[in-house]
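Inspection log for the structure reproduced underneath, given as structure tokens.
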Amino acid sequence: MVVHSSYFLLEFAGIIIALVISVYAYLKYVSFSYWSSRNVISPKPIIPFGHIKPVTTRKRSIGELFQDIYSEYKKHPIIGVYLFTRPNLVIADLDLLRFVLTKEFPHFHDRGVYCDEKTEPLSGHLFSLPGAKWRFLRNKFSPTFTSSKIKQMFPTVKETSNRLSLIVEKKAQNSEVIEIKDLMARFSTDVIASVAFGIDCNSLENPDAEFRAMGRKFFAPRKGIAGLVFAFPILHKLFKFTSIPEDVTNFFMGAFKEAVEYRTANNVVRRDFLDLVIQLIYKGYVHNDDEKAPLPGTVDEQKITMDEGAAQAFVFWVGGFDTSSSTVTHCLYELALNQELQEKTAAEIIRVLEEYGDVTYESIRAMPHLHKVVSETLRKYPVVPILNRECTEDIDLPGTGFRATKGTKIIVPVLGIHWDPDLYPEPEKFDPERFNEENIAKRHPYAYLPFGEGPRNCIGMRFGLVQSKVGLIRMLSKFRFTPGPNLDVPLIMDKANFVQMALNGVTLRVQMR
């Protein structure tokens with residue numbers, strides 16, 4: 001009996017060993033030969049991780065991983081990588097980026113990221129949607145982000161910035177240390193909650209407000225599955241992974257529907273984003289700037305659904321939250337380290353405010369130095385460190401000898417490009433003059449991609465910039481910032497987060513000017 005058991009164990013062990021060897025051989029000679037068989041340069045993969053192991057072990061963020069790959073192989077126009085066993089193509093050549101993002105956009109119009117409107121209605125937004133559905137909603141929502149429509153929302157941004165100023169003033173009078181990242185997250189939360197959901201959550205006064213709490217939960221790193229889901233979006237369906245926690249979905253869906261129903265029942269009209277979405281839900285179009293309906297036949301009058309409206313309000317909040325809070329945080333961090341630059345920026349702001357009487361939509365455009373400072377912040381700290389595209393129709397990539405077939409995953413290493421010393425000498429240095437007219441003219445137009453490029457760039461880019469600049473104007477016109485006692489220099493980024501976020505926050509001392 002003992003002998004029989006021993007033979008069984010040996011036989012079982014042999015089967016396991018043979019299976020492991022077979023899987024290893026398949027991965028090495030089949031799965032991980034995809035790029036070499038197509039004569040595309042590729043770093044040596046690690047079985048079974050491919051090239052994503054540094055992300056799964058939290059040694060590098062996803063942006064830093066592709067920054068490393070780009071930096072080492074950027075002399076090649078394309079670089080083959082594996083996210084686990086899944087092949088992805090990194091585009092390193094800027095002319096080729098223009099080809100993919102703009103010139104041949106019809107071949108690369110999808111992002112290839114997870115979207116399941118039926119099980120997760122909030123995932124059906126403009127960032128994730130593919131094909132015809134994306135095009136339909138992009139056309140519907142483009143009129144909501146014109147300069148005139150943003151100007152209508154400006155009073156809300158301004159009013160919230162006044163509350164921000166009052167909060168900071170109490171701290172500045174005692175020369176206190178404040179955590180900038182959380183403060184600006186609350187500012188962004190209050191702005192977007194008001195213009196997109198019609199809610200006055202006032203998280204500036206109440207940091208534990210439900211809207212802010214749901215935001216913290218959504219942006220918290222989801223341990224163990226981020227790398228897997230990024231590499232294999234299908235895992236959402238196979239294992240019921242959700243991109244948005246259920247209680248977060250229920251909160252935002254409920255808040256949006258309640259606001260729509262209240263305004264509709266009580267004939268409440270506010271010139272904000274929510275009002276524009278309500279027009280799309282009930283009329284299928286957005287009124288012109290004179291508040292008149294467009295001429296019949298000049299617009300598509302197909303209405304959007306309540307769920308589609310909620311998803312766009314949600315992604316507007318996500319996008320505005322990320323862009324504004326992180327941009328203002330990183331900008332104030334850099335200015336705190338460079339007092340001369342801070343004073344120069346503040347001097348322009350104060351001069352223009354005196355000229356216009358207060359911060360206005362028009363006054364922002366009269367601050368060219370502030371624009372350079374914000375541009376350099378987004379260069380050094382791009383909110384989204386990589387862009388994704390998916391080939392939707394076979395096409396030859398010029399100058400590479402490679403034919404991208406339908407389904408090929410494309411990655412644009414934004415962080416790597418923004419930190420390329422050949423494009424931006426001394427990339428670690430914060431230098432707003434990189435964005436004067438002369439230097440901009442010298443650079444390739446696709447060397448700066450904080451909002452993407454082409455037809456699928458960030459639709460809310462202008463609103464995000466306005467919100468960020470108003471926050472900075474309020475801060476720098478009245479207060480002076482210096483490094484706090486526990487400030488990380490340089491900043492240590494959170495490896496577990498997809499977006500660029502400081503791991504330990506940003507603590508600055510604030511004083512009255």
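By order in the structure tokens, chains are A, B, ...; within a chain, residues start at 1; ligands start at 1, following the order shown.
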
Shell around Val177 in chain A at 9 Å using only C-alpha atoms, local window under 2 positions removed, as JSON, numbers by chain: {"A": [171, 172, 175, 179, 483, 484, 485, 507, 508, 509, 510]}

Dump as a short mmCIF file (atom, residue, chain, number, x, y, z; two decimals), in the first residue's frame, selection limited to N, CA and C atoms:
```cif
data_model
loop_
_atom_site.label_atom_id
_atom_site.label_comp_id
_atom_site.auth_asym_id
_atom_site.auth_seq_id
_atom_site.Cartn_x
_atom_site.Cartn_y
_atom_site.Cartn_z
N LYS A 171 -5.87 79.66 7.85
CA LYS A 171 -4.61 78.96 8.11
C LYS A 171 -3.43 79.91 7.94
N ALA A 172 -3.51 80.77 6.91
CA ALA A 172 -2.39 81.65 6.58
C ALA A 172 -2.13 82.68 7.68
N SER A 175 0.23 81.18 9.88
CA SER A 175 1.38 80.56 9.20
C SER A 175 1.38 79.04 9.41
N GLU A 179 -2.17 70.51 4.01
CA GLU A 179 -2.00 69.44 3.03
C GLU A 179 -2.74 69.87 1.76
N PRO A 483 7.91 75.34 1.50
CA PRO A 483 7.87 73.90 1.81
C PRO A 483 7.56 73.64 3.27
N GLY A 484 6.70 72.63 3.50
CA GLY A 484 6.40 72.19 4.85
C GLY A 484 7.52 71.32 5.40
N PRO A 485 7.51 71.04 6.70
CA PRO A 485 8.62 70.30 7.34
C PRO A 485 8.75 68.86 6.87
N THR A 507 2.63 68.82 1.66
CA THR A 507 2.43 69.71 2.81
C THR A 507 3.23 70.99 2.60
N LEU A 508 2.53 72.12 2.60
CA LEU A 508 3.16 73.43 2.41
C LEU A 508 2.75 74.37 3.54
N ARG A 509 3.66 75.27 3.87
CA ARG A 509 3.32 76.31 4.85
C ARG A 509 2.74 77.50 4.08
N VAL A 510 1.64 78.04 4.60
CA VAL A 510 0.97 79.13 3.91
C VAL A 510 0.97 80.38 4.79
#
```

Non-local contacts of range 310-313 of chain A (9 Å; only C-alpha atoms; under 4 positions in same chain excluded) as a PyMOL selection string: chain A and resi 121-126+137+141+192+196-197+252-253+255-257+273-274+277+305-306+317-318

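CA of Arg263 in chain A to CA of Leu280 in chain A spans 14.1 Å [interatomic distance, one decimal].
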
Surrounding residues of Arg389 in chain A excluding itself and chain neighbours under 2 positions, 9 Å, only C-alpha atoms, as a PyMOL selection string: chain A and resi 100-101+108-113+387+391+408-412

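Remark: for Pro106 in chain A, the closest of the candidate residues A:Ser42, A:Asn174, A:Thr189, A:Thr392 is A:Thr392 (distances computed over only C-alpha atoms).
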
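Atom to atom, CA of Val191 in chain A and CA of Thr242 in chain A stand 26.9 Å apart.
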
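The space between CA of Lys118 in chain A and CA of Ile386 in chain A spans 27.2 Å.
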
Those of range 119-333 of chain A in DSSP helix (DSSP H, G or I), formatted as a PyMOL selection string: chain A and resi 121-123+131-145+147-172+180-197+210-219+226-231+235-238+246-266+273-282+306-333

DSSP-assigned strand (DSSP E) members of range 385-470 of chain A, reported as a list in words: Leu387, Asn388, Arg389, Glu390, Ile395, Asp396, Leu397, Phe402, Arg403, Ala404, Lys409, Ile410, Ile411 and Val412 of chain A

Go ahead and save the residues from that selection, with C-alpha atoms, as a PDB file, in the first residue's frame.
```
ATOM      1  CA  LEU A 387      -2.744  56.833 -23.623  1.00  0.00           C
ATOM      2  CA  ASN A 388      -4.419  53.740 -25.076  1.00  0.00           C
ATOM      3  CA  ARG A 389      -5.674  53.042 -28.566  1.00  0.00           C
ATOM      4  CA  GLU A 390      -6.792  49.903 -30.372  1.00  0.00           C
ATOM      5  CA  ILE A 395      -3.119  49.237 -41.650  1.00  0.00           C
ATOM      6  CA  ASP A 396       0.613  49.554 -42.380  1.00  0.00           C
ATOM      7  CA  LEU A 397       2.542  51.774 -39.986  1.00  0.00           C
ATOM      8  CA  PHE A 402       4.918  46.481 -39.483  1.00  0.00           C
ATOM      9  CA  ARG A 403       1.255  45.967 -40.345  1.00  0.00           C
ATOM     10  CA  ALA A 404      -1.041  46.624 -37.408  1.00  0.00           C
ATOM     11  CA  LYS A 409      -3.278  47.333 -28.642  1.00  0.00           C
ATOM     12  CA  ILE A 410      -1.432  50.658 -28.824  1.00  0.00           C
ATOM     13  CA  ILE A 411       0.230  52.489 -25.925  1.00  0.00           C
ATOM     14  CA  VAL A 412       1.431  56.113 -26.039  1.00  0.00           C
TER      15      VAL A 412
END
```

Residue neighbourhood Thr377 in chain A, 7 Å, only C-alpha atoms, exclusion window fewer than 4 positions, as a PyMOL selection string: chain A and resi 327+330-331+373+381

Residue neighbourhood Pro413 in chain A, 10 Å, only C-alpha atoms, exclusion window fewer than 3 positions, as a PyMOL selection string: chain A and resi 62-71+90-92+384-388+410+416-418+449

Just N, CA and C atoms for this one: save the residues we selected as a compact mmCIF listing (two decimals), in the first residue's frame.
```txt
# COMPACT_ATOMS: atom_id res chain seq x y z
N ILE A 62 2.48 52.42 -13.55
CA ILE A 62 2.29 52.06 -14.95
C ILE A 62 2.92 53.12 -15.86
N GLY A 63 2.84 54.38 -15.46
CA GLY A 63 3.47 55.44 -16.25
C GLY A 63 4.97 55.35 -16.24
N GLU A 64 5.55 55.05 -15.07
CA GLU A 64 7.01 54.93 -14.96
C GLU A 64 7.53 53.72 -15.74
N LEU A 65 6.75 52.64 -15.75
CA LEU A 65 7.15 51.45 -16.51
C LEU A 65 7.34 51.81 -17.99
N PHE A 66 6.36 52.48 -18.56
CA PHE A 66 6.47 52.81 -19.99
C PHE A 66 7.42 53.97 -20.24
N GLN A 67 7.65 54.79 -19.23
CA GLN A 67 8.71 55.79 -19.34
C GLN A 67 10.07 55.11 -19.45
N ASP A 68 10.30 54.07 -18.63
CA ASP A 68 11.56 53.32 -18.69
C ASP A 68 11.76 52.66 -20.04
N ILE A 69 10.70 52.03 -20.54
CA ILE A 69 10.79 51.32 -21.83
C ILE A 69 11.04 52.32 -22.96
N TYR A 70 10.32 53.43 -22.93
CA TYR A 70 10.50 54.45 -23.96
C TYR A 70 11.93 55.00 -23.94
N SER A 71 12.43 55.32 -22.74
CA SER A 71 13.76 55.92 -22.62
C SER A 71 14.85 55.01 -23.17
N VAL A 90 4.09 49.88 -28.26
CA VAL A 90 4.41 51.23 -27.79
C VAL A 90 4.88 52.06 -28.99
N ILE A 91 4.27 53.23 -29.16
CA ILE A 91 4.66 54.14 -30.24
C ILE A 91 5.64 55.16 -29.66
N ALA A 92 6.86 55.19 -30.21
CA ALA A 92 7.89 56.11 -29.71
C ALA A 92 8.16 57.26 -30.67
N VAL A 384 -2.63 61.87 -16.83
CA VAL A 384 -2.72 60.52 -17.40
C VAL A 384 -1.36 60.20 -18.03
N PRO A 385 -0.59 59.27 -17.46
CA PRO A 385 0.79 59.05 -17.91
C PRO A 385 0.93 58.25 -19.20
N ILE A 386 -0.13 57.55 -19.61
CA ILE A 386 -0.12 56.84 -20.89
C ILE A 386 -1.48 57.00 -21.55
N LEU A 387 -1.50 56.86 -22.87
CA LEU A 387 -2.74 56.83 -23.62
C LEU A 387 -2.90 55.47 -24.27
N ASN A 388 -4.13 55.03 -24.45
CA ASN A 388 -4.42 53.74 -25.08
C ASN A 388 -5.20 53.93 -26.36
N ILE A 410 -2.43 49.60 -28.68
CA ILE A 410 -1.43 50.66 -28.82
C ILE A 410 -1.28 51.40 -27.50
N GLY A 416 6.92 59.32 -20.59
CA GLY A 416 8.25 59.15 -21.19
C GLY A 416 8.58 60.28 -22.16
N ILE A 417 7.62 60.64 -22.99
CA ILE A 417 7.83 61.72 -23.96
C ILE A 417 8.05 63.04 -23.24
N HIS A 418 7.26 63.32 -22.21
CA HIS A 418 7.37 64.58 -21.48
C HIS A 418 8.67 64.70 -20.70
N LEU A 449 1.45 66.10 -24.66
CA LEU A 449 0.18 65.38 -24.79
C LEU A 449 -0.58 65.24 -23.46
```

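Nearest residue to Thr160 in chain A among A:Leu332, A:Met461, A:Met493, A:Val470 is A:Val470, counting only C-alpha atoms.
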
Residues within 7 Å of Val286 in chain A, only C-alpha atoms, excluding chain neighbours under 5 positions, as a PyMOL selection string: chain A and resi 143+276+279-280

For C-alpha atoms, I'd like the residues from the last selection saved as a PDB file, in the first residue's frame.
```
ATOM      1  CA  PRO A 143     -21.519  71.795 -27.718  1.00  0.00           C
ATOM      2  CA  LEU A 276     -27.070  71.067 -20.712  1.00  0.00           C
ATOM      3  CA  GLN A 279     -31.516  69.376 -22.562  1.00  0.00           C
ATOM      4  CA  LEU A 280     -29.884  66.382 -24.276  1.00  0.00           C
TER       5      LEU A 280
END
```

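Distance check against Lys133 in chain A using only C-alpha atoms: of A:Tyr361, A:Glu308, A:Tyr34, A:Arg86, the minimum falls on A:Glu308.
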
Skipping near chain neighbours, those fewer than 5 positions away, what residues fall within 12 Å of range 423-427 of chain A using only C-alpha atoms, listed as a compact mmCIF listing (two decimals) with N, CA and C atoms, in the first residue's frame?
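Result file follows (part08.txt):
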```
# COMPACT_ATOMS: atom_id res chain seq x y z
N SER A 71 12.43 55.32 -22.74
CA SER A 71 13.76 55.92 -22.62
C SER A 71 14.85 55.01 -23.17
N LYS A 74 13.79 54.34 -27.39
CA LYS A 74 13.12 55.39 -28.16
C LYS A 74 13.71 55.61 -29.55
N LEU A 94 7.30 60.41 -32.92
CA LEU A 94 6.26 61.43 -32.82
C LEU A 94 5.46 61.59 -34.11
N GLU A 376 3.80 73.87 -17.98
CA GLU A 376 4.99 73.16 -17.51
C GLU A 376 4.64 72.16 -16.41
N THR A 377 3.65 72.51 -15.58
CA THR A 377 3.19 71.56 -14.56
C THR A 377 2.64 70.30 -15.22
N ARG A 379 3.36 69.26 -18.14
CA ARG A 379 4.46 68.57 -18.82
C ARG A 379 5.18 67.65 -17.83
N LYS A 380 5.52 68.18 -16.69
CA LYS A 380 6.29 67.41 -15.71
C LYS A 380 5.42 66.39 -14.97
N TYR A 381 4.15 66.72 -14.78
CA TYR A 381 3.24 65.84 -14.05
C TYR A 381 1.97 65.60 -14.86
N LEU A 415 4.27 60.09 -20.28
CA LEU A 415 5.25 60.48 -19.27
C LEU A 415 6.66 60.37 -19.83
N GLY A 416 6.92 59.32 -20.59
CA GLY A 416 8.25 59.15 -21.19
C GLY A 416 8.58 60.28 -22.16
N ILE A 417 7.62 60.64 -22.99
CA ILE A 417 7.83 61.72 -23.96
C ILE A 417 8.05 63.04 -23.24
N HIS A 418 7.26 63.32 -22.21
CA HIS A 418 7.37 64.58 -21.48
C HIS A 418 8.67 64.70 -20.70
N PRO A 432 9.00 77.04 -16.83
CA PRO A 432 7.85 77.47 -17.64
C PRO A 432 8.23 78.05 -19.00
N GLU A 433 9.47 78.53 -19.14
CA GLU A 433 9.87 79.13 -20.41
C GLU A 433 9.98 78.09 -21.52
N ARG A 434 9.87 76.84 -21.20
CA ARG A 434 9.77 75.82 -22.26
C ARG A 434 8.53 76.09 -23.13
N PHE A 435 7.59 76.85 -22.56
CA PHE A 435 6.32 77.07 -23.26
C PHE A 435 6.15 78.51 -23.73
N ASN A 439 10.06 78.49 -28.06
CA ASN A 439 10.35 77.08 -27.76
C ASN A 439 9.25 76.15 -28.24
N ILE A 440 8.01 76.58 -28.16
CA ILE A 440 6.91 75.76 -28.66
C ILE A 440 7.08 75.52 -30.15
N LYS A 442 9.73 75.35 -31.85
CA LYS A 442 10.86 74.47 -32.15
C LYS A 442 10.52 72.99 -31.96
N ARG A 443 9.53 72.71 -31.14
CA ARG A 443 9.22 71.32 -30.78
C ARG A 443 8.19 70.71 -31.72
N HIS A 444 8.24 69.40 -31.78
CA HIS A 444 7.22 68.66 -32.51
C HIS A 444 5.88 68.85 -31.79
N PRO A 445 4.79 69.11 -32.52
CA PRO A 445 3.51 69.36 -31.85
C PRO A 445 2.99 68.19 -31.03
N TYR A 446 3.51 66.98 -31.29
CA TYR A 446 3.06 65.82 -30.53
C TYR A 446 4.03 65.45 -29.40
N ALA A 447 4.89 66.41 -29.05
CA ALA A 447 5.80 66.21 -27.91
C ALA A 447 5.15 66.62 -26.60
N TYR A 448 3.92 67.12 -26.67
CA TYR A 448 3.20 67.57 -25.47
C TYR A 448 1.77 67.05 -25.55
```

Option closest in space to Leu97 in chain A, from A:Val414, A:Val157, A:Leu370, A:Leu164 [counting only C-alpha atoms]: A:Val414

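Compared by their closest atoms to Leu96 in chain A, and using only C-alpha atoms, the residues A:Lys303, A:Leu9, A:Trp134, A:Ile78 rank with A:Ile78 nearest.
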